[in-house]
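Q: I'm passing along target-v4.cif; it holds mmCIF, C-alpha atoms.
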```cif
data_work
#
loop_
_atom_site.group_PDB
_atom_site.id
_atom_site.type_symbol
_atom_site.label_atom_id
_atom_site.label_comp_id
_atom_site.auth_asym_id
_atom_site.auth_seq_id
_atom_site.Cartn_x
_atom_site.Cartn_y
_atom_site.Cartn_z
ATOM 1 C CA MET W 982 -36.505 174.566 -138.021
ATOM 2 C CA GLY W 983 -37.255 171.285 -136.357
ATOM 3 C CA ILE W 984 -39.578 170.565 -133.496
ATOM 4 C CA THR W 985 -37.767 171.768 -130.450
ATOM 5 C CA PHE W 986 -38.986 171.579 -126.890
ATOM 6 C CA LYS W 987 -39.371 175.327 -126.938
ATOM 7 C CA ASN W 988 -41.646 175.314 -130.013
ATOM 8 C CA LEU W 989 -43.643 172.427 -128.660
ATOM 9 C CA PHE W 990 -44.080 174.264 -125.387
ATOM 10 C CA ILE W 991 -45.322 177.426 -127.109
ATOM 11 C CA LEU W 992 -47.710 175.431 -129.279
ATOM 12 C CA LEU W 993 -49.140 173.526 -126.330
ATOM 13 C CA THR W 994 -49.542 176.600 -124.166
ATOM 14 C CA THR W 995 -51.318 178.393 -126.991
ATOM 15 C CA LEU W 996 -53.672 175.457 -127.576
ATOM 16 C CA VAL W 997 -54.433 174.978 -123.915
ATOM 17 C CA SER W 998 -55.029 178.627 -123.198
ATOM 18 C CA SER W 999 -57.224 179.137 -126.266
ATOM 19 C CA GLY W 1000 -59.196 176.075 -125.167
ATOM 20 C CA PHE W 1001 -59.668 177.702 -121.800
ATOM 21 C CA TRP W 1002 -60.706 180.892 -123.445
ATOM 22 C CA LEU W 1003 -63.265 179.175 -125.693
ATOM 23 C CA GLY W 1004 -64.556 177.136 -122.790
ATOM 24 C CA TYR W 1005 -64.943 180.302 -120.801
ATOM 25 C CA SER W 1006 -66.734 182.329 -123.428
ATOM 26 C CA TRP W 1007 -68.877 179.530 -124.876
ATOM 27 C CA GLY W 1008 -69.281 177.076 -122.043
ATOM 28 C CA SER W 1009 -70.099 179.156 -119.017
ATOM 29 C CA GLY W 1010 -71.778 181.928 -120.987
ATOM 30 C CA SER W 1011 -70.797 184.165 -118.099
ATOM 31 C CA ASP W 1012 -70.685 187.261 -120.287
ATOM 32 C CA ALA W 1013 -74.325 186.690 -121.256
ATOM 33 C CA ASN W 1014 -75.456 186.946 -117.664
ATOM 34 C CA PHE W 1015 -77.220 189.651 -115.728
ATOM 35 C CA PRO W 1016 -76.601 188.752 -112.095
ATOM 36 C CA PRO W 1017 -79.961 188.248 -110.363
ATOM 37 C CA VAL W 1018 -80.932 190.487 -107.461
ATOM 38 C CA SER W 1019 -78.820 189.451 -104.475
ATOM 39 C CA HIS W 1020 -80.362 191.855 -101.956
ATOM 40 C CA GLU W 1021 -83.181 190.182 -100.040
ATOM 41 C CA LEU W 1022 -85.406 193.234 -99.579
ATOM 42 C CA THR W 1023 -85.035 194.217 -103.241
ATOM 43 C CA ALA W 1024 -85.792 190.664 -104.387
ATOM 44 C CA GLU W 1025 -88.877 190.504 -102.172
ATOM 45 C CA GLU W 1026 -90.315 193.944 -102.912
ATOM 46 C CA CYS W 1027 -89.495 194.198 -106.622
ATOM 47 C CA GLY W 1028 -90.418 190.571 -107.161
ATOM 48 C CA SER W 1029 -93.996 190.733 -105.833
ATOM 49 C CA CYS W 1030 -95.651 191.839 -109.071
ATOM 50 C CA HIS W 1031 -93.038 191.000 -111.692
ATOM 51 C CA MET W 1032 -89.742 189.189 -111.890
ATOM 52 C CA ALA W 1033 -87.186 191.052 -109.752
ATOM 53 C CA PHE W 1034 -85.302 192.541 -112.681
ATOM 54 C CA PRO W 1035 -81.502 192.498 -112.450
ATOM 55 C CA ALA W 1036 -80.138 195.916 -111.473
ATOM 56 C CA GLY W 1037 -77.757 195.685 -114.435
ATOM 57 C CA LEU W 1038 -80.596 196.230 -116.902
ATOM 58 C CA LEU W 1039 -80.788 200.000 -116.324
ATOM 59 C CA PRO W 1040 -78.334 202.758 -115.439
ATOM 60 C CA ALA W 1041 -78.244 204.305 -111.962
ATOM 61 C CA ARG W 1042 -80.150 207.448 -113.013
ATOM 62 C CA SER W 1043 -83.066 205.300 -114.222
ATOM 63 C CA TRP W 1044 -83.318 203.467 -110.906
ATOM 64 C CA GLN W 1045 -83.075 206.716 -108.943
ATOM 65 C CA GLU W 1046 -85.930 208.196 -110.927
ATOM 66 C CA MET W 1047 -88.021 205.024 -110.574
ATOM 67 C CA MET W 1048 -87.543 204.829 -106.819
ATOM 68 C CA LYS W 1049 -88.717 208.452 -106.504
ATOM 69 C CA THR W 1050 -91.972 207.710 -108.327
ATOM 70 C CA LEU W 1051 -93.027 204.376 -106.816
ATOM 71 C CA ASN W 1052 -96.512 205.656 -105.986
ATOM 72 C CA GLN W 1053 -97.056 205.881 -109.758
ATOM 73 C CA HIS W 1054 -95.206 202.785 -110.898
ATOM 74 C CA PHE W 1055 -96.430 202.053 -114.445
ATOM 75 C CA GLY W 1056 -99.954 202.953 -113.377
ATOM 76 C CA GLU W 1057 -99.870 201.183 -110.035
ATOM 77 C CA ASP W 1058 -99.071 202.169 -106.484
ATOM 78 C CA ALA W 1059 -95.894 200.361 -105.436
ATOM 79 C CA SER W 1060 -94.935 202.731 -102.632
ATOM 80 C CA LEU W 1061 -92.613 201.633 -99.840
ATOM 81 C CA SER W 1062 -91.489 203.113 -96.539
ATOM 82 C CA PRO W 1063 -88.694 205.731 -96.791
ATOM 83 C CA GLU W 1064 -86.235 203.267 -95.179
ATOM 84 C CA GLU W 1065 -87.073 200.479 -97.631
ATOM 85 C CA THR W 1066 -86.930 202.892 -100.549
ATOM 86 C CA ALA W 1067 -83.465 204.091 -99.510
ATOM 87 C CA ALA W 1068 -82.066 200.577 -99.024
ATOM 88 C CA ILE W 1069 -83.399 199.324 -102.359
ATOM 89 C CA THR W 1070 -82.205 202.427 -104.200
ATOM 90 C CA ARG W 1071 -78.724 201.941 -102.784
ATOM 91 C CA TYR W 1072 -78.596 198.324 -103.985
ATOM 92 C CA LEU W 1073 -79.925 199.146 -107.468
ATOM 93 C CA VAL W 1074 -77.522 202.069 -107.961
ATOM 94 C CA GLU W 1075 -74.494 200.087 -106.775
ATOM 95 C CA ASN W 1076 -75.291 197.306 -109.238
ATOM 96 C CA ALA W 1077 -76.674 199.374 -112.119
ATOM 97 C CA ALA W 1078 -75.705 198.946 -115.782
ATOM 98 C CA ASP W 1079 -73.236 201.816 -115.492
ATOM 99 C CA ASN W 1080 -71.602 200.790 -112.221
ATOM 100 C CA PRO W 1081 -67.788 200.537 -112.371
ATOM 101 C CA ARG W 1082 -67.863 196.726 -112.032
ATOM 102 C CA ALA W 1083 -70.497 196.228 -114.744
ATOM 103 C CA ASN W 1084 -69.953 193.372 -117.196
ATOM 104 C CA ILE W 1085 -69.809 193.817 -120.965
ATOM 105 C CA LEU W 1086 -73.565 193.305 -121.499
ATOM 106 C CA MET W 1087 -74.504 195.863 -118.874
ATOM 107 C CA ARG W 1088 -72.041 198.311 -120.363
ATOM 108 C CA ARG W 1089 -73.609 197.794 -123.782
ATOM 109 C CA ILE W 1090 -77.003 198.672 -122.341
ATOM 110 C CA ALA W 1091 -75.615 201.717 -120.568
ATOM 111 C CA SER W 1092 -73.719 202.997 -123.594
ATOM 112 C CA GLY W 1093 -76.817 202.745 -125.797
ATOM 113 C CA ILE W 1094 -78.766 205.153 -123.589
ATOM 114 C CA PRO W 1095 -78.414 208.896 -124.229
ATOM 115 C CA GLY W 1096 -76.923 210.576 -121.157
ATOM 116 C CA ASN W 1097 -79.771 213.053 -120.803
ATOM 117 C CA THR W 1098 -82.453 210.348 -120.534
ATOM 118 C CA ALA W 1099 -83.377 207.992 -117.720
ATOM 119 C CA PRO W 1100 -85.512 205.272 -119.351
ATOM 120 C CA GLN W 1101 -87.894 203.498 -117.003
ATOM 121 C CA ARG W 1102 -88.520 200.419 -119.114
ATOM 122 C CA PHE W 1103 -85.417 198.418 -120.003
ATOM 123 C CA THR W 1104 -87.503 196.936 -122.816
ATOM 124 C CA GLU W 1105 -87.312 200.354 -124.485
ATOM 125 C CA THR W 1106 -83.532 200.554 -124.437
ATOM 126 C CA ARG W 1107 -81.675 200.295 -127.716
ATOM 127 C CA HIS W 1108 -79.794 197.177 -126.705
ATOM 128 C CA PHE W 1109 -82.983 195.312 -125.755
ATOM 129 C CA GLY W 1110 -84.479 196.273 -129.110
ATOM 130 C CA TYR W 1111 -81.400 195.066 -130.927
ATOM 131 C CA LEU W 1112 -81.461 191.699 -129.153
ATOM 132 C CA HIS W 1113 -85.211 191.172 -129.681
ATOM 133 C CA ASP W 1114 -85.711 192.691 -133.126
ATOM 134 C CA GLU W 1115 -86.520 189.317 -134.705
ATOM 135 C CA VAL W 1116 -89.440 188.726 -132.308
ATOM 136 C CA PRO W 1117 -92.675 189.720 -134.094
ATOM 137 C CA ALA W 1118 -95.528 191.476 -132.251
ATOM 138 C CA SER W 1119 -97.691 188.363 -132.582
ATOM 139 C CA ILE W 1120 -95.327 186.413 -130.325
ATOM 140 C CA TRP W 1121 -95.278 189.083 -127.593
ATOM 141 C CA LYS W 1122 -99.090 188.866 -127.496
ATOM 142 C CA ARG W 1123 -99.209 185.128 -126.773
ATOM 143 C CA GLY W 1124 -101.097 184.368 -123.548
ATOM 144 C CA LYS W 1125 -98.144 182.838 -121.743
ATOM 145 C CA ILE W 1126 -95.955 185.868 -122.536
ATOM 146 C CA GLY W 1127 -98.355 188.817 -122.495
ATOM 147 C CA SER W 1128 -95.778 191.455 -121.575
ATOM 148 C CA LYS W 1129 -92.226 192.293 -122.578
ATOM 149 C CA ALA W 1130 -91.484 192.440 -118.860
ATOM 150 C CA ASN W 1131 -92.274 188.731 -118.572
ATOM 151 C CA CYS W 1132 -88.667 187.625 -119.276
ATOM 152 C CA ILE W 1133 -89.043 184.176 -117.795
ATOM 153 C CA ALA W 1134 -91.840 183.248 -120.212
ATOM 154 C CA CYS W 1135 -89.111 182.528 -122.795
ATOM 155 C CA HIS W 1136 -85.797 182.811 -120.932
ATOM 156 C CA THR W 1137 -86.050 179.561 -119.029
ATOM 157 C CA ARG W 1138 -83.163 180.382 -116.698
ATOM 158 C CA GLY W 1139 -83.832 184.109 -116.476
ATOM 159 C CA GLU W 1140 -84.454 184.022 -112.766
ATOM 160 C CA SER W 1141 -80.908 182.833 -112.180
ATOM 161 C CA GLY W 1142 -79.664 185.719 -114.305
ATOM 162 C CA SER W 1143 -78.916 183.704 -117.415
ATOM 163 C CA PHE W 1144 -80.302 184.906 -120.745
ATOM 164 C CA THR W 1145 -78.267 182.943 -123.290
ATOM 165 C CA GLU W 1146 -79.827 182.175 -126.632
ATOM 166 C CA ARG W 1147 -79.787 178.393 -126.270
ATOM 167 C CA GLU W 1148 -81.924 178.594 -123.120
ATOM 168 C CA ILE W 1149 -84.760 180.357 -124.917
ATOM 169 C CA LYS W 1150 -87.994 178.407 -125.264
ATOM 170 C CA ILE W 1151 -90.823 180.414 -126.778
ATOM 171 C CA PRO W 1152 -94.313 179.293 -125.622
ATOM 172 C CA LYS W 1153 -96.550 178.161 -128.472
ATOM 173 C CA ASP W 1154 -99.704 179.791 -127.083
ATOM 174 C CA MET G 201 -74.834 173.621 -74.538
ATOM 175 C CA LYS G 202 -76.418 176.521 -72.715
ATOM 176 C CA ILE G 203 -75.093 178.910 -75.317
ATOM 177 C CA LEU G 204 -76.543 176.752 -78.085
ATOM 178 C CA PHE G 205 -79.917 176.860 -76.364
ATOM 179 C CA LEU G 206 -79.714 180.583 -76.016
ATOM 180 C CA ALA G 207 -78.773 181.009 -79.672
ATOM 181 C CA ALA G 208 -81.603 178.735 -80.780
ATOM 182 C CA SER G 209 -84.198 180.560 -78.708
ATOM 183 C CA LEU G 210 -82.952 183.915 -79.977
ATOM 184 C CA LEU G 211 -83.407 182.631 -83.553
ATOM 185 C CA LEU G 212 -86.908 181.460 -82.749
ATOM 186 C CA VAL G 213 -87.839 184.835 -81.338
ATOM 187 C CA SER G 214 -86.394 186.881 -84.177
ATOM 188 C CA ALA G 215 -87.380 184.729 -87.188
ATOM 189 C CA PRO G 216 -91.136 185.115 -87.857
ATOM 190 C CA ALA G 217 -92.102 188.786 -88.035
ATOM 191 C CA ALA G 218 -95.217 189.070 -85.851
ATOM 192 C CA ALA G 219 -97.072 186.097 -87.315
ATOM 193 C CA GLU G 220 -100.783 186.183 -86.641
ATOM 194 C CA THR G 221 -103.781 184.184 -87.741
ATOM 195 C CA PRO G 222 -106.324 185.609 -90.202
ATOM 196 C CA GLN G 223 -108.829 185.582 -87.312
ATOM 197 C CA GLN G 224 -106.526 187.791 -85.212
ATOM 198 C CA ILE G 225 -106.081 190.221 -88.089
ATOM 199 C CA LEU G 226 -109.847 190.298 -88.629
ATOM 200 C CA ALA G 227 -110.394 190.873 -84.902
ATOM 201 C CA THR G 228 -108.119 193.925 -84.948
ATOM 202 C CA TYR G 229 -109.931 195.525 -87.897
ATOM 203 C CA GLN G 230 -113.326 194.549 -86.473
ATOM 204 C CA GLN G 231 -112.484 196.183 -83.166
ATOM 205 C CA GLN G 232 -111.504 199.417 -84.904
ATOM 206 C CA ALA G 233 -114.510 199.404 -87.242
ATOM 207 C CA GLY G 234 -117.102 198.169 -84.736
ATOM 208 C CA SER G 235 -118.327 195.447 -87.100
ATOM 209 C CA ALA G 236 -117.342 193.166 -89.978
ATOM 210 C CA SER G 237 -119.611 191.774 -92.679
ATOM 211 C CA ALA G 238 -118.548 189.031 -95.084
ATOM 212 C CA ALA G 239 -121.476 189.963 -97.356
ATOM 213 C CA ARG G 240 -120.262 193.581 -97.635
ATOM 214 C CA GLY G 241 -116.733 192.298 -98.189
ATOM 215 C CA GLU G 242 -117.947 190.123 -101.051
ATOM 216 C CA LYS G 243 -119.626 193.137 -102.657
ATOM 217 C CA LEU G 244 -116.428 195.140 -102.353
ATOM 218 C CA PHE G 245 -114.410 192.316 -103.908
ATOM 219 C CA PHE G 246 -116.648 192.183 -106.985
ATOM 220 C CA ALA G 247 -117.366 195.928 -107.243
ATOM 221 C CA LYS G 248 -116.473 197.350 -110.647
ATOM 222 C CA VAL G 249 -114.978 200.829 -110.733
ATOM 223 C CA THR G 250 -114.246 202.986 -113.758
ATOM 224 C CA SER G 251 -110.802 204.514 -113.428
ATOM 225 C CA ALA G 252 -109.838 208.028 -114.498
ATOM 226 C CA LYS G 253 -108.497 206.519 -117.719
ATOM 227 C CA GLY G 254 -111.894 204.961 -118.424
ATOM 228 C CA GLU G 255 -110.703 201.463 -117.598
ATOM 229 C CA VAL G 256 -113.149 199.231 -115.710
ATOM 230 C CA VAL G 257 -111.247 197.701 -112.802
ATOM 231 C CA SER G 258 -112.052 195.530 -109.835
ATOM 232 C CA CYS G 259 -110.203 193.376 -107.303
ATOM 233 C CA THR G 260 -111.106 190.526 -109.644
ATOM 234 C CA THR G 261 -109.132 192.088 -112.519
ATOM 235 C CA CYS G 262 -105.984 190.549 -111.055
ATOM 236 C CA HIS G 263 -107.309 188.140 -108.419
ATOM 237 C CA THR G 264 -109.927 186.497 -110.718
ATOM 238 C CA ASP G 265 -113.509 186.098 -109.512
ATOM 239 C CA ASN G 266 -112.551 183.063 -107.448
ATOM 240 C CA PRO G 267 -110.692 183.920 -104.216
ATOM 241 C CA LYS G 268 -109.352 180.367 -104.137
ATOM 242 C CA ALA G 269 -107.744 180.666 -107.575
ATOM 243 C CA VAL G 270 -104.270 181.862 -108.531
ATOM 244 C CA GLY G 271 -104.439 185.370 -110.000
ATOM 245 C CA LYS G 272 -102.163 187.259 -112.345
ATOM 246 C CA THR G 273 -100.576 190.714 -112.052
ATOM 247 C CA ARG G 274 -100.553 193.115 -114.999
ATOM 248 C CA ALA G 275 -96.941 192.074 -115.552
ATOM 249 C CA HIS G 276 -98.172 188.473 -115.764
ATOM 250 C CA LYS G 277 -96.756 187.171 -112.523
ATOM 251 C CA ALA G 278 -98.834 184.666 -110.542
ATOM 252 C CA ILE G 279 -100.641 185.927 -107.416
ATOM 253 C CA ASP G 280 -101.260 183.349 -104.701
ATOM 254 C CA PRO G 281 -104.934 182.902 -103.713
ATOM 255 C CA LEU G 282 -106.560 185.427 -101.365
ATOM 256 C CA ALA G 283 -108.681 182.971 -99.399
ATOM 257 C CA PRO G 284 -106.810 181.541 -96.384
ATOM 258 C CA VAL G 285 -108.464 178.177 -97.121
ATOM 259 C CA ALA G 286 -106.373 178.021 -100.319
ATOM 260 C CA ASN G 287 -103.293 179.885 -99.077
ATOM 261 C CA ARG G 288 -102.104 179.485 -95.495
ATOM 262 C CA GLU G 289 -99.787 182.498 -95.738
ATOM 263 C CA ARG G 290 -102.637 184.918 -96.481
ATOM 264 C CA PHE G 291 -103.551 187.427 -93.729
ATOM 265 C CA THR G 292 -100.822 186.277 -91.341
ATOM 266 C CA ASP G 293 -98.535 189.330 -91.449
ATOM 267 C CA PRO G 294 -100.295 192.580 -90.410
ATOM 268 C CA ALA G 295 -97.672 194.785 -92.074
ATOM 269 C CA LYS G 296 -98.078 192.960 -95.383
ATOM 270 C CA VAL G 297 -101.865 193.157 -95.163
ATOM 271 C CA GLU G 298 -101.675 196.923 -94.606
ATOM 272 C CA LYS G 299 -99.156 197.378 -97.412
ATOM 273 C CA TRP G 300 -101.317 195.614 -99.980
ATOM 274 C CA PHE G 301 -104.586 197.239 -98.855
ATOM 275 C CA LYS G 302 -102.897 200.620 -99.215
ATOM 276 C CA ARG G 303 -101.559 199.920 -102.701
ATOM 277 C CA ASN G 304 -104.419 197.941 -104.156
ATOM 278 C CA CYS G 305 -107.223 200.117 -102.798
ATOM 279 C CA LYS G 306 -105.506 203.072 -104.475
ATOM 280 C CA ASP G 307 -105.111 201.090 -107.699
ATOM 281 C CA VAL G 308 -108.751 199.987 -107.847
ATOM 282 C CA LEU G 309 -110.704 202.634 -105.907
ATOM 283 C CA ALA G 310 -108.268 205.533 -106.379
ATOM 284 C CA ARG G 311 -108.333 206.050 -102.600
ATOM 285 C CA GLU G 312 -107.312 204.186 -99.472
ATOM 286 C CA CYS G 313 -109.771 201.712 -97.967
ATOM 287 C CA THR G 314 -111.546 202.479 -94.717
ATOM 288 C CA VAL G 315 -111.075 200.280 -91.653
ATOM 289 C CA GLN G 316 -114.654 199.120 -92.214
ATOM 290 C CA GLU G 317 -113.848 197.976 -95.746
ATOM 291 C CA LYS G 318 -110.737 196.153 -94.560
ATOM 292 C CA ALA G 319 -112.703 194.373 -91.819
ATOM 293 C CA ASP G 320 -115.411 193.365 -94.317
ATOM 294 C CA PHE G 321 -112.893 192.216 -96.915
ATOM 295 C CA VAL G 322 -110.941 189.998 -94.501
ATOM 296 C CA ALA G 323 -114.238 188.631 -93.104
ATOM 297 C CA TYR G 324 -115.326 187.657 -96.617
ATOM 298 C CA MET G 325 -112.015 185.983 -97.447
ATOM 299 C CA ILE G 326 -112.109 183.974 -94.218
ATOM 300 C CA SER G 327 -115.717 182.940 -94.981
ATOM 301 C CA VAL G 328 -114.723 181.425 -98.347
ATOM 302 C CA LYS G 329 -114.693 177.670 -97.873
#
```
As structure tokens - that is how I would like this structure written.
A:
Amino acid sequence: MGITFKNLFILLTTLVSSGFWLGYSWGSGSDANFPPVSHELTAEECGSCHMAFPAGLLPARSWQEMMKTLNQHFGEDASLSPEETAAITRYLVENAADNPRANILMRRIASGIPGNTAPQRFTETRHFGYLHDEVPASIWKRGKIGSKANCIACHTRGESGSFTEREIKIPKD
Amino acid sequence: MKILFLAASLLLVSAPAAAETPQQILATYQQQAGSASAARGEKLFFAKVTSAKGEVVSCTTCHTDNPKAVGKTRAHKAIDPLAPVANRERFTDPAKVEKWFKRNCKDVLARECTVQEKADFVAYMISVK
């Protein structure tokens, strides 16, 4: 079997398309992303005390439960008007980890959560634990981190929804 | 051209949501309370309260004991200064002021603040130079 145009064509197409595929999965890191909050009211209200966490970090039932208990939000009063509560709930549910358009990372989070539970802290989900299991307690306690909810202390591009490993910079103190 | 003008003026009217000055916001509270005392406001700001959980809390827990300094929430996010002299946005949106008094008074005092306390608090913050 010599080199025919047909073989050459197949070889080239395979090379080019695999290059595209690698570029896609390595270069853009798009499957490592949790889209940041794109709803203005949600970004403003949820982002006043902590980073406005991407809706894709928790399943819909978790958000629904959270939005019903805002007056006791992790020990603080974060209550909103009924209209604001409804609008934010709608956005969070539509973009939750178990929404039909969820990406692979969101689906991994959702599938790791038992169906009869509605966790309120994404840092307590199995997938978060799996991805952070090499981080010792001493690092979480560093002054510039302080809380597991402080994503952007280490994930330098977290606010744009990107959490890839190469963007991590752990503060020394 | 006329339409452009109209569109521009509509934008101007609808953009800033009832912007006021800290003095206007103070005046409203003062009118309702009958008085406003920066000294009482200062006391309120530094007052330490023991919560039901036995935690000692105060406005200064998150806002630091310097109203001109950047504070930090419990989730470690920066809080812009409270004193208008250090933060021009502070006390310019009545709805925001009410929202945060409601939440934070409950967090620290386990009850809502009175109009008197709000008047005193804003008076103190404006007095910080």
Q: Near Arg1107 (chain W), counting all atoms listed in the file, which residues have an atom at most 12 Å away, once you skip same-chain residues fewer than 5 positions from it, shown as a list in words?
A: Leu1038, Leu1039, Arg1089, Ile1090, Ala1091, Ser1092, Gly1093, Ile1094, Pro1095, Pro1100, Arg1102, Leu1112, His1113 and Asp1114 of chain W
Q: Need to verify the contact set: Pro294 (chain G), 8 Å, all atoms listed in the file, exclusion of same-chain residues closer than 3 positions in sequence. Can you return it as JSON, numbers by chain?
A: {"G": [218, 219, 220, 225, 291, 297, 298]}
Q: Any chance you can output those residues with C-alpha atoms as an mmCIF file, keeping the file's coordinate frame?
A:
```cif
data_model
loop_
_atom_site.group_PDB
_atom_site.id
_atom_site.type_symbol
_atom_site.label_atom_id
_atom_site.label_comp_id
_atom_site.auth_asym_id
_atom_site.auth_seq_id
_atom_site.Cartn_x
_atom_site.Cartn_y
_atom_site.Cartn_z
ATOM 1 C CA ALA G 218 -95.217 189.070 -85.851
ATOM 2 C CA ALA G 219 -97.072 186.097 -87.315
ATOM 3 C CA GLU G 220 -100.783 186.183 -86.641
ATOM 4 C CA ILE G 225 -106.081 190.221 -88.089
ATOM 5 C CA PHE G 291 -103.551 187.427 -93.729
ATOM 6 C CA VAL G 297 -101.865 193.157 -95.163
ATOM 7 C CA GLU G 298 -101.675 196.923 -94.606
#
```
Q: Please list, as a VMD selection string, the residues that have an atom at most 12 Å away from (-111.5, 189.6, -108.2) in the coordinates of this file, counting only C-alpha atoms.
A: chain G and resid 241 to 248 257 to 273 279 281 to 283 304 308 321 325
Q: Using the chain letters and numbers from the file, give me the residues hit by the PyMOL selection byres ((chain G) within 10 of (chain W)), as a list in words.
A: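 When the PyMOL selection byres ((chain G) within 10 of (chain W)) is applied to the shown file, the picked residues are Lys272, Thr273, Arg274, Ala275, His276, Lys277, Ala278, Ile279, Lys299, Trp300, Lys302, Arg303, Asn304, Cys305, Lys306, Asp307, Val308 and Ala310 of chain G.
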Q: Could you name the residues that touch Ala1068 (chain W) at 12 Å or less, counting all atoms listed in the file, but leaving out those on the same chain fewer than 2 positions away, as a list in words?
A: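 Near neighbours after the sequence-gap exclusion: His1020, Glu1021, Leu1022, Thr1023, Ala1024, Glu1026, Gln1045, Met1048, Leu1061, Ser1062, Pro1063, Glu1064, Glu1065, Thr1066, Thr1070, Arg1071, Tyr1072, Leu1073, Val1074 and Glu1075 of chain W.
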Q: How would the residues just picked look written out with C-alpha atoms as a short mmCIF file (atom, residue, chain, number, x, y, z; two decimals), in the coordinates of the input?
A:
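Output saved as selection.cif:
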```cif
data_model
loop_
_atom_site.label_atom_id
_atom_site.label_comp_id
_atom_site.auth_asym_id
_atom_site.auth_seq_id
_atom_site.Cartn_x
_atom_site.Cartn_y
_atom_site.Cartn_z
CA HIS W 1020 -80.36 191.86 -101.96
CA GLU W 1021 -83.18 190.18 -100.04
CA LEU W 1022 -85.41 193.23 -99.58
CA THR W 1023 -85.04 194.22 -103.24
CA ALA W 1024 -85.79 190.66 -104.39
CA GLU W 1026 -90.32 193.94 -102.91
CA GLN W 1045 -83.08 206.72 -108.94
CA MET W 1048 -87.54 204.83 -106.82
CA LEU W 1061 -92.61 201.63 -99.84
CA SER W 1062 -91.49 203.11 -96.54
CA PRO W 1063 -88.69 205.73 -96.79
CA GLU W 1064 -86.24 203.27 -95.18
CA GLU W 1065 -87.07 200.48 -97.63
CA THR W 1066 -86.93 202.89 -100.55
CA THR W 1070 -82.20 202.43 -104.20
CA ARG W 1071 -78.72 201.94 -102.78
CA TYR W 1072 -78.60 198.32 -103.98
CA LEU W 1073 -79.92 199.15 -107.47
CA VAL W 1074 -77.52 202.07 -107.96
CA GLU W 1075 -74.49 200.09 -106.78
#
```
Q: Work out how far CA of Ala319 (chain G) is from CA of Val249 (chain G), in Å to one decimal.
A: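 One can read the CA of Val249 (chain G) to CA of Ala319 (chain G) distance as 20.1 Å.
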Q: Work out how far apart CA of Thr1098 (chain W) and CA of Ala1041 (chain W) are and give it in Å to one decimal.
A: 11.3 Å
Q: When you look at region 234-240 of chain G with a cut-off of 12 Å (counting all atoms listed in the file), what residues show up, excluding the ones that are within fewer than 5 positions of it in the same chain? I need them as a list in words.
A: Gln223, Ile225, Leu226, Ala227, Thr228, Tyr229, Phe245, Phe246, Ala247, Thr314, Val315, Gln316, Glu317, Lys318, Ala319, Asp320, Phe321, Val322, Ala323, Tyr324, Met325, Ile326, Ser327 and Val328 of chain G
Q: Give me the box for region 1092-1109 of chain W as AutoDock Vina command-line options, namely the centre and edge lengths in Å to one decimal of a box along x, y and z that holds every listed atom plus 3 Å on each side.
A:
```
--center_x -81.1 --center_y 204.2 --center_z -122.4 --size_x 20.8 --size_y 23.7 --size_z 16.7
```
Q: Could you tell me which residues the PyMOL selection byres ((chain W and resi 1139) around 10) returns for this structure, as an MDAnalysis selection string?
A: chainID W and resid 1014:1017 1032 1034:1035 1131:1138 1140:1145 1148:1149
Q: May I ask for the distance between CA of Trp1044 (chain W) and CA of Asn1080 (chain W), given in Å to one decimal place?
A: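 CA of Asn1080 (chain W) lies at a distance of 12.1 Å from CA of Trp1044 (chain W).
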Q: Can you work out which one of W:Ala1099, W:Lys1049, W:Lys1153, W:Glu1105 has the shortest atom-to-atom distance to Ile1120 (chain W), counting all atoms listed in the file?
A: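 Using all atoms listed in the file, Ile1120 (chain W) sits closest to W:Lys1153.
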